[in-house]
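Read the structure below first, then the notes.
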Amino acid sequence: MSVQARQRLFKALDSLVLIDPHSHINPHAAASTTLADILGYHYYTELAHSSGMPREEIEEPGLEPREKVRRLAGYLDRIDNTVQLSWLFEMCRVLFDHEIDHFSTDNWEEVFTAAEKALTRTGWEDEVLERSRVEQIFLTNDFDDPLEGFDTRRYVPCLRTDDLVFKFHDKAIRQRLARATGVEVSSAATFREAVGELFEHFTAKGARACAISLPPDFAPQPNPSESEVEKTVADLLAGGDTSPKAFSNFAFWTLAEFCDQFELPFDLMIGVNRQVYPTGVFQGQDLYDSRTSLIQYAPLFNAFPRVTFPVSVLAETSNQELVSYAWIFPNVVTNGHWWYSNIPSHIKNDLRARVQAVPRTKQVGYYSDAYKLEFIQPKFAMYKRVLADVLFEEFILAQHWSEERAVALGQDILRGNVERIFRM
Amino acid sequence: MSVQARQRLFKALDSLVLIDPHSHINPHAAASTTLADILGYHYYTELAHSSGMPREEIEEPGLEPREKVRRLAGYLDRIDNTVQLSWLFEMCRVLFDHEIDHFSTDNWEEVFTAAEKALTRTGWEDEVLERSRVEQIFLTNDFDDPLEGFDTRRYVPCLRTDDLVFKFHDKAIRQRLARATGVEVSSAATFREAVGELFEHFTAKGARACAISLPPDFAPQPNPSESEVEKTVADLLAGGDTSPKAFSNFAFWTLAEFCDQFELPFDLMIGVNRQVYPTGVFQGQDLYDSRTSLIQYAPLFNAFPRVTFPVSVLAETSNQELVSYAWIFPNVVTNGHWWYSNIPSHIKNDLRARVQAVPRTKQVGYYSDAYKLEFIQPKFAMYKRVLADVLFEEFILAQHWSEERAVALGQDILRGNVERIFRM
Amino acid sequence: MSVQARQRLFKALDSLVLIDPHSHINPHAAASTTLADILGYHYYTELAHSSGMPREEIEEPGLEPREKVRRLAGYLDRIDNTVQLSWLFEMCRVLFDHEIDHFSTDNWEEVFTAAEKALTRTGWEDEVLERSRVEQIFLTNDFDDPLEGFDTRRYVPCLRTDDLVFKFHDKAIRQRLARATGVEVSSAATFREAVGELFEHFTAKGARACAISLPPDFAPQPNPSESEVEKTVADLLAGGDTSPKAFSNFAFWTLAEFCDQFELPFDLMIGVNRQVYPTGVFQGQDLYDSRTSLIQYAPLFNAFPRVTFPVSVLAETSNQELVSYAWIFPNVVTNGHWWYSNIPSHIKNDLRARVQAVPRTKQVGYYSDAYKLEFIQPKFAMYKRVLADVLFEEFILAQHWSEERAVALGQDILRGNVERIFRM
């Protein structure tokens, strides 16, 4: 009975057409072309590497797709326990109509062929979205993205700002900004002017969020006096190998001011240390120090009461704080389950606390973080299974809610809040 | 079968008459007079505010009870998923004989009326305690409370000491201490004299504990030389906007000395940062930094082996340390599930670890922390449901205990340890 | 059905013959001689002490075994809820053929007698291993252990190095090293020479690992210039009450270099603070500060890609980092469930995350940490029950794996990985 009720809940949730509020999809090449695109996702390459596969075998220049898949197949049976590999099984079943329960040297070719058949089908991009029941997908756009040549209603622009805050010491970044905005940054005022141009451009193209990922020790403060700010910008422009903390603070705080002015939610993805394992595979080098606290953001949340901050935390140990801060601050919203926290055991604990103590209107349940469209379905399916379990246990069992009522809560978490919070 | 066994366990636990070892009840106005008193609890006002209700609508001076409830009803459907709102449903059912499954604009008036009927009944204060099966309730008394005009057997005094430790720079606090004790503090010696008077007064009135809440970075140390202590007190008396850390340390350590002398348990409530959101609603402004450790209290636990320290932690991430410190230090006792940790998902994880590794004699299961009597029943009921589940899973299922034996363990945790530890 | 499937899984896992990859067994007196040896395990003495038993009653010099057991029996009913006492019940049933469900003043004598009957039986050491289904056990050897007089195939040597890193300021330690190696340390070079001798000796005797326990604030860095290293060694030799941090860093880094050269895994046991409760019972004085991060070890993991680091963490709040670092770094392996994390509630959460995100080849499931052979069976049984539950829930239920496939995963975690990682 309990198993059936959980399945009914999952089915009801799975039938909803969703908006994916955070991804890394390239709208000009949104779908995969071969299984190599899919197995090139960093989750597979980094786990294969962690299991013993040399980076050189994975990242050999000019590697043919079939050969890349063949090589990876030699290692992926070592991760057949992981939820990441289960995404491949799910995807094969639901998207490629090809049922598998393992991926190894003995079946990689048949999977490659099954994937090829689907991926090369006319209209696959539309088909995969329909099979995945997703109609809009947020992007993560570089600040100088022209946002042209794609349907911005389907692929919703989002201004990613890490480079402006943490890499502005890099001349190439500054040149890109100058090219994109026509403004050469030579002062705090011209930085603000350039950022203003970006916000104009992005919002004109339908951007629905500004986003940034932040290291565990980041602790933004209101800007000091204008003369100190000018000194900070001058110091940065004078050169150096990193962006001074004072500059990062200035740039970040400036972004928050523009989010306020342009009424754009500011997605904060808190807690990542970059390049902890510098000789790891591409995108498989970042880790974290879980010693971070949302109290570092209290000055920000207090200073910008009209800006909504959808907050993602990397460390599961931050989830209770996230729940508490979303419970107290009107402008803090829980946002998805990010990266190292995006596995069912962490999602379940985290979600349970969120549904017990955060207003139902302030929870953005999930985003795919996907680089290719094919991952949206299996990642959301993983989440929806956990959501169905939690709704069953916490509301139907514990509080005798009807299934309809539980599904309605799930709908707010999966879709309704995305629409409202990001003003879709 | 499992469902029935859990219910039998809950029923057995629920039939026990309990002592509530920590509350904020005002013994001169212990029960609510209207539903507005109940919905005025900070959990409702802060969650309504977090969901979008302006503070001004909630805290408008002179607001009539009905109007306050009417206004809140417009927002509380946004938190119908929270355990906090489930307390209202439970209370309506068990205390007001009025079954509801939501609270909104369409039923607030009938709930107001049902509550009124109960709250205005003759003998309601006795009745609510009887319906809640609670016979004694610890208070949280200001240090200058005369402790008169109420039954100190039913409402057990407890000396709350935050003001002495963290607000003694405030002249008004010092004046209140002088009025209460007849001692004007002008030195370390007179501070000790005044505190001694408080302990005399409180213990004479039947106080059973001294209590304090502490910020995450507090790390008490033995007092330095008397001359340094005198300098610390002199510095404080010389003025300033905060209590210097050295003074807080001195005052706290002095309290521990008096707990030792007067054989009073010292409740430590560890981990709160005050006024993190200063424009939040009344009592809805405090949050925390979960980066704290019980190792900060090792000098204290070592220095006062005869003082029992019932310890509450605000961050769930501190629970494993609490379990371990209670497992090693004879004078450390686990105490309830505090505030942001007081939701079923955290309680369940925390309780499971406690019953697996802390001696059964060293666990104070729960306190209500309530401001009004009506909350004792639903909060304890929430806890008892989790306790029943954990006893069932960890002892009856996993270790084949009889139900009687599991209930006996529950009784220790719910009542027996309170009696023994606080010498009732 | 679910209960039966879990039992079948447990049975299948329990039938495997295992290697215990970390213990404190003394190979010259591996088995207990009376129940006093068993109840002398620090888990019982520290929990009895925590429950009110004075240390003096436990540690009275010359105490007879029967009297020690009689005294402890007066307190152990206070911990009958703990998993630690359940180990005694399990051991009585499986090893002593004597079923009990409590241990108290009314049955200690019969238990003493039942234990005596078994422990004094001819061939008990072989018998207990057979009943426990364990064939090889790693030791924790002092650096100057001659490793003679026992079967190093059954009792596998492991070089424990805490003394070299954290106590080398102690002249007695240095003298022991000189005696063991014939090298008097007077410089960095001679320290390296002496350590090289130890590695030669240990590997010649079949050692399979080097191991160390580390405080929460340890953060190893590559060694500075040789002249600075020499100054560090000179400073240490000049005297002082503790090993300077710079020396500990030098010694630790040197050990890692030798692990690299001798192809020995380096077990890191991260997070313990020693003597937090200095007046506690023997081995019942250590606790921890959970604020630690594996990012402190990133320089180490990067510098020694050929050294495998089986990592144990003391705080459960470190488990997600451990999972993530093992998922990214090829040379980081999850290792067991250590000390304060070694209770079912923590194991279950921790294990669930590990099986969901760490390659199946990189998980060393469990070690007993036992001081006496009799504890291997009940501690492993506790772990195997959790493992069976997790395999059932995460693979059979959630992913429809066959029982055979789930057991095969369990076998890797329990035995296969131990063989491969420690090159048995």
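Just so we're on the same page: first chain in the structure tokens is A, next is B, and so on; residues restart at 1 for each chain, and ligands are numbered from 1 in the order they show up.
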**OP:** Please report, as number ranges by chain, each residue of range 128-325 of chain A to which DSSP assigns strand (DSSP E) when run on this structure's backbone.
**Re:** A: 134-138, 155-156, 158-160, 209-214, 266-270, 309-313
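Residues from chain A that have an atom within 6 Å of chain B, counting only C-alpha atoms, are Ser293, Ile295, Ile328, Phe329, Pro330, Ala353, Gln356, Ala357, Pro359 and Arg360 of chain A.
Proximity ranking of B:Asn249, B:Asp217, B:Val355, B:Gln175 relative to Thr292 in chain B places B:Asp217 first, based on only C-alpha atoms.
Residues in contact range of Asn223 in chain C, defined as at most 12 Å between only C-alpha atoms, with sequence neighbours fewer than 3 positions away removed, read Ala188, Pro220, Glu226, Ser227, Glu228, Val229, Glu230, Thr232, Lys245, Ala246, Phe247, Ser248, Asn249, Phe250, Ala251, Phe252, Trp253, Thr254, Leu255, Ala256, Glu257, Pro299, Leu300 and Ala303 of chain C.
Of the residues listed (A:Arg423, A:Lys384, A:Arg192, A:Lys68), A:Lys384 shows the shortest atom-to-atom separation from Asp14 in chain A; distances use only C-alpha atoms.
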**OP:** Compile the contact shell of Pro305 in chain C as a list in words: residues with an atom at most 8 Å away, counting only C-alpha atoms, same-chain residues fewer than 3 positions apart removed.
**Re:** Phe301, Asn302, Thr308, Pro330 and Asn331 of chain C
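Residue nearest Gln363 in chain A within the list A:Arg176, A:Lys379, A:His42, A:Arg420: A:Arg420 [criterion: smallest interatomic distance, only C-alpha atoms].
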Original post:
Do you know which residues are at most 8 Å from Ala219 in chain B counting only C-alpha atoms, after dropping those on the same chain fewer than 2 positions away, and could you put them as an MDAnalysis selection string?
Top reply: chainID B and resid 217 221 296:297
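Distances here use only C-alpha atoms; by that measure, the residue among C:Gln136, C:Asn141, C:Thr33, C:Gln283 closest to Glu116 in chain C is C:Thr33.
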